Amino acid sequence: MTLCQKIKRDILLIVQGLGTAFDASVREKALIVSLDSGITAETVDNQYNELVELKLHWDYEYEFREGQVETKFPEYSSHYEAKSVARKMTDGTWVGWVYWYGGGKYGTPEDIEWMKDAYDLELIETEKLVVVQEFKRINDKTS
């Protein structure tokens, strides 16, 4: 499964989980039923295209593209603000991409293709001991 397909699969799984939570039309119910039959590398593109045809993908995709965590890789654009973000996929792998935002009144950063530019990530967790120092005046003469 490609990285783009992994992202689409996870968006479809979110839709599937919320399928009973909203009053679905007949076509939307048909999509949810087709998701129950399984999302595989062979079917994910067609199932996601069904979601796009119903125009139901916008909210899920917009929220998903914000990512789960910021990875702090440097990003730069002269037209938009950008930050690198990542999300843990349902298969346990991490996928990252650039989250574009800002751009002022006429900016449309949500139109920038981000799925095709996704990249694999490896998460390295390290436990660290942190020392925090606080100071308190001994003889406060302000009173």
# chains A, B, ... in the order shown; residues from 1 in each chain; ligands from 1

$ select_by_dssp --residues "chain A" --states "strand (DSSP E or B)" --output "ChimeraX atom specification"
/A:69-70,81-88,94-101,119-121

$ write_last_selection --atoms "C-alpha atoms" --output "CSV table (one decimal), in the first residue's frame"
chain,number,residue,atom,x,y,z
A,69,VAL,CA,2.2,15.8,16.1
A,70,GLU,CA,4.6,18.4,14.7
A,81,GLU,CA,3.1,29.2,6.5
A,82,ALA,CA,4.3,25.6,6.7
A,83,LYS,CA,5.1,23.1,9.3
A,84,SER,CA,6.0,19.4,9.1
A,85,VAL,CA,3.5,17.1,10.8
A,86,ALA,CA,3.0,13.4,11.3
A,87,ARG,CA,0.3,10.9,12.2
A,88,LYS,CA,0.4,7.3,13.4
A,94,TRP,CA,4.2,6.9,11.0
A,95,VAL,CA,3.6,9.1,8.0
A,96,GLY,CA,4.6,12.7,7.7
A,97,TRP,CA,3.8,15.6,5.3
A,98,VAL,CA,3.9,19.4,5.1
A,99,TYR,CA,0.9,21.2,6.6
A,100,TRP,CA,0.3,24.4,4.6
A,101,TYR,CA,-1.7,27.2,6.2
A,119,TYR,CA,6.9,10.4,3.5
A,120,ASP,CA,7.6,7.5,5.8
A,121,LEU,CA,8.9,8.3,9.3

$ closest_atom_pairs --of "stretch 88-114 of chain A" --to "stretch 1-11 of chain A" --cutoff "9 Å" --atoms "only C-alpha atoms" --output "JSON lines"
{"residue": "A:Met89", "atom": "CA", "partner": "A:Asp10", "partner_atom": "CA", "distance": 6.8}
{"residue": "A:Thr90", "atom": "CA", "partner": "A:Asp10", "partner_atom": "CA", "distance": 6.7}
{"residue": "A:Asp91", "atom": "CA", "partner": "A:Lys6", "partner_atom": "CA", "distance": 8.7}
{"residue": "A:Val95", "atom": "CA", "partner": "A:Leu3", "partner_atom": "CA", "distance": 7.3}

$ select_by_dssp --residues "chain A" --states "alpha helix (DSSP H)" --output "ChimeraX atom specification"
/A:3-18,26-36,44-53,57-65

$ write_last_selection --atoms "N, CA and C atoms" --output "CSV table (one decimal), in the first residue's frame"
chain,number,residue,atom,x,y,z
A,3,LEU,N,1.9,5.3,0.5
A,3,LEU,CA,1.6,6.2,1.6
A,3,LEU,C,0.3,7.0,1.4
A,4,CYS,N,0.1,7.4,0.1
A,4,CYS,CA,-1.2,8.1,-0.2
A,4,CYS,C,-2.4,7.2,0.1
A,5,GLN,N,-2.2,5.9,-0.2
A,5,GLN,CA,-3.3,4.9,0.1
A,5,GLN,C,-3.5,4.7,1.6
A,6,LYS,N,-2.4,4.8,2.3
A,6,LYS,CA,-2.5,4.6,3.8
A,6,LYS,C,-3.3,5.8,4.4
A,7,ILE,N,-3.0,7.0,3.9
A,7,ILE,CA,-3.7,8.2,4.4
A,7,ILE,C,-5.2,8.1,4.0
A,8,LYS,N,-5.5,7.7,2.8
A,8,LYS,CA,-6.9,7.5,2.3
A,8,LYS,C,-7.6,6.4,3.2
A,9,ARG,N,-6.9,5.3,3.4
A,9,ARG,CA,-7.5,4.3,4.2
A,9,ARG,C,-7.9,4.8,5.6
A,10,ASP,N,-7.0,5.5,6.2
A,10,ASP,CA,-7.3,6.0,7.6
A,10,ASP,C,-8.4,7.0,7.6
A,11,ILE,N,-8.5,7.8,6.6
A,11,ILE,CA,-9.6,8.8,6.5
A,11,ILE,C,-10.9,8.0,6.3
A,12,LEU,N,-10.9,6.9,5.5
A,12,LEU,CA,-12.1,6.1,5.3
A,12,LEU,C,-12.5,5.4,6.6
A,13,LEU,N,-11.5,5.0,7.4
A,13,LEU,CA,-11.8,4.3,8.6
A,13,LEU,C,-12.4,5.3,9.6
A,14,ILE,N,-12.0,6.5,9.6
A,14,ILE,CA,-12.7,7.6,10.4
A,14,ILE,C,-14.1,7.7,10.0
A,15,VAL,N,-14.3,7.8,8.7
A,15,VAL,CA,-15.7,7.9,8.2
A,15,VAL,C,-16.5,6.7,8.6
A,16,GLN,N,-15.9,5.5,8.5
A,16,GLN,CA,-16.6,4.3,8.9
A,16,GLN,C,-17.0,4.3,10.3
A,17,GLY,N,-16.1,4.8,11.2
A,17,GLY,CA,-16.4,4.9,12.6
A,17,GLY,C,-17.5,5.9,12.9
A,18,LEU,N,-17.6,6.9,12.1
A,18,LEU,CA,-18.6,7.9,12.4
A,18,LEU,C,-19.9,7.7,11.6
A,26,VAL,N,-29.1,7.5,1.5
A,26,VAL,CA,-29.0,6.1,1.0
A,26,VAL,C,-27.6,5.9,0.3
A,27,ARG,N,-27.1,6.9,-0.4
A,27,ARG,CA,-25.8,6.8,-1.0
A,27,ARG,C,-24.7,6.8,0.0
A,28,GLU,N,-24.8,7.6,1.1
A,28,GLU,CA,-23.8,7.6,2.2
A,28,GLU,C,-23.8,6.2,2.9
A,29,LYS,N,-25.0,5.7,3.1
A,29,LYS,CA,-25.1,4.4,3.8
A,29,LYS,C,-24.5,3.3,2.9
A,30,ALA,N,-24.7,3.4,1.6
A,30,ALA,CA,-24.0,2.4,0.6
A,30,ALA,C,-22.5,2.5,0.8
A,31,LEU,N,-22.0,3.7,0.9
A,31,LEU,CA,-20.5,3.9,1.1
A,31,LEU,C,-20.1,3.2,2.4
A,32,ILE,N,-20.8,3.4,3.4
A,32,ILE,CA,-20.4,2.9,4.7
A,32,ILE,C,-20.5,1.3,4.7
A,33,VAL,N,-21.5,0.8,4.0
A,33,VAL,CA,-21.6,-0.7,3.8
A,33,VAL,C,-20.4,-1.2,3.0
A,34,SER,N,-20.0,-0.5,2.0
A,34,SER,CA,-18.9,-0.9,1.2
A,34,SER,C,-17.6,-0.9,2.0
A,35,LEU,N,-17.5,0.0,2.9
A,35,LEU,CA,-16.3,0.1,3.8
A,35,LEU,C,-16.3,-1.1,4.7
A,36,ASP,N,-17.5,-1.6,5.1
A,36,ASP,CA,-17.6,-2.8,6.0
A,36,ASP,C,-17.0,-4.0,5.3
A,44,VAL,N,-9.0,0.6,-1.9
A,44,VAL,CA,-8.9,1.9,-1.2
A,44,VAL,C,-9.2,3.1,-2.1
A,45,ASP,N,-8.6,3.1,-3.3
A,45,ASP,CA,-8.7,4.2,-4.2
A,45,ASP,C,-10.2,4.4,-4.7
A,46,ASN,N,-10.8,3.3,-5.1
A,46,ASN,CA,-12.2,3.3,-5.5
A,46,ASN,C,-13.1,3.8,-4.4
A,47,GLN,N,-12.9,3.3,-3.2
A,47,GLN,CA,-13.7,3.6,-2.0
A,47,GLN,C,-13.5,5.1,-1.7
A,48,TYR,N,-12.3,5.6,-1.8
A,48,TYR,CA,-12.1,7.0,-1.5
A,48,TYR,C,-12.7,7.9,-2.6
A,49,ASN,N,-12.7,7.4,-3.8
A,49,ASN,CA,-13.3,8.2,-4.9
A,49,ASN,C,-14.8,8.3,-4.7
A,50,GLU,N,-15.4,7.2,-4.1
A,50,GLU,CA,-16.8,7.3,-3.8
A,50,GLU,C,-17.1,8.4,-2.7
A,51,LEU,N,-16.2,8.5,-1.8
A,51,LEU,CA,-16.3,9.5,-0.7
A,51,LEU,C,-16.2,10.9,-1.4
A,52,VAL,N,-15.3,11.1,-2.3
A,52,VAL,CA,-15.1,12.3,-3.1
A,52,VAL,C,-16.3,12.7,-3.9
A,53,GLU,N,-16.9,11.6,-4.6
A,53,GLU,CA,-18.1,11.9,-5.4
A,53,GLU,C,-19.3,12.4,-4.5
A,57,HIS,N,-15.6,14.1,1.7
A,57,HIS,CA,-14.2,14.0,2.1
A,57,HIS,C,-13.6,15.3,2.6
A,58,TRP,N,-14.1,16.5,2.3
A,58,TRP,CA,-13.5,17.8,2.7
A,58,TRP,C,-13.2,17.9,4.1
A,59,ASP,N,-14.2,17.7,5.0
A,59,ASP,CA,-14.0,17.9,6.4
A,59,ASP,C,-13.0,16.9,7.0
A,60,TYR,N,-13.2,15.7,6.6
A,60,TYR,CA,-12.3,14.6,7.1
A,60,TYR,C,-10.8,14.9,6.7
A,61,GLU,N,-10.7,15.2,5.4
A,61,GLU,CA,-9.4,15.4,4.9
A,61,GLU,C,-8.7,16.6,5.5
A,62,TYR,N,-9.5,17.7,5.6
A,62,TYR,CA,-9.0,19.0,6.2
A,62,TYR,C,-8.5,18.8,7.6
A,63,GLU,N,-9.3,18.1,8.4
A,63,GLU,CA,-8.9,17.8,9.8
A,63,GLU,C,-7.7,16.9,9.8
A,64,PHE,N,-7.7,15.9,9.0
A,64,PHE,CA,-6.6,14.9,9.0
A,64,PHE,C,-5.3,15.5,8.6
A,65,ARG,N,-5.3,16.4,7.6
A,65,ARG,CA,-4.0,17.0,7.1
A,65,ARG,C,-3.3,17.9,8.2

$ atom_distance --atom1 "atom CA of A:Leu123" --atom2 "atom CA of A:Tyr76"
23.0 Å
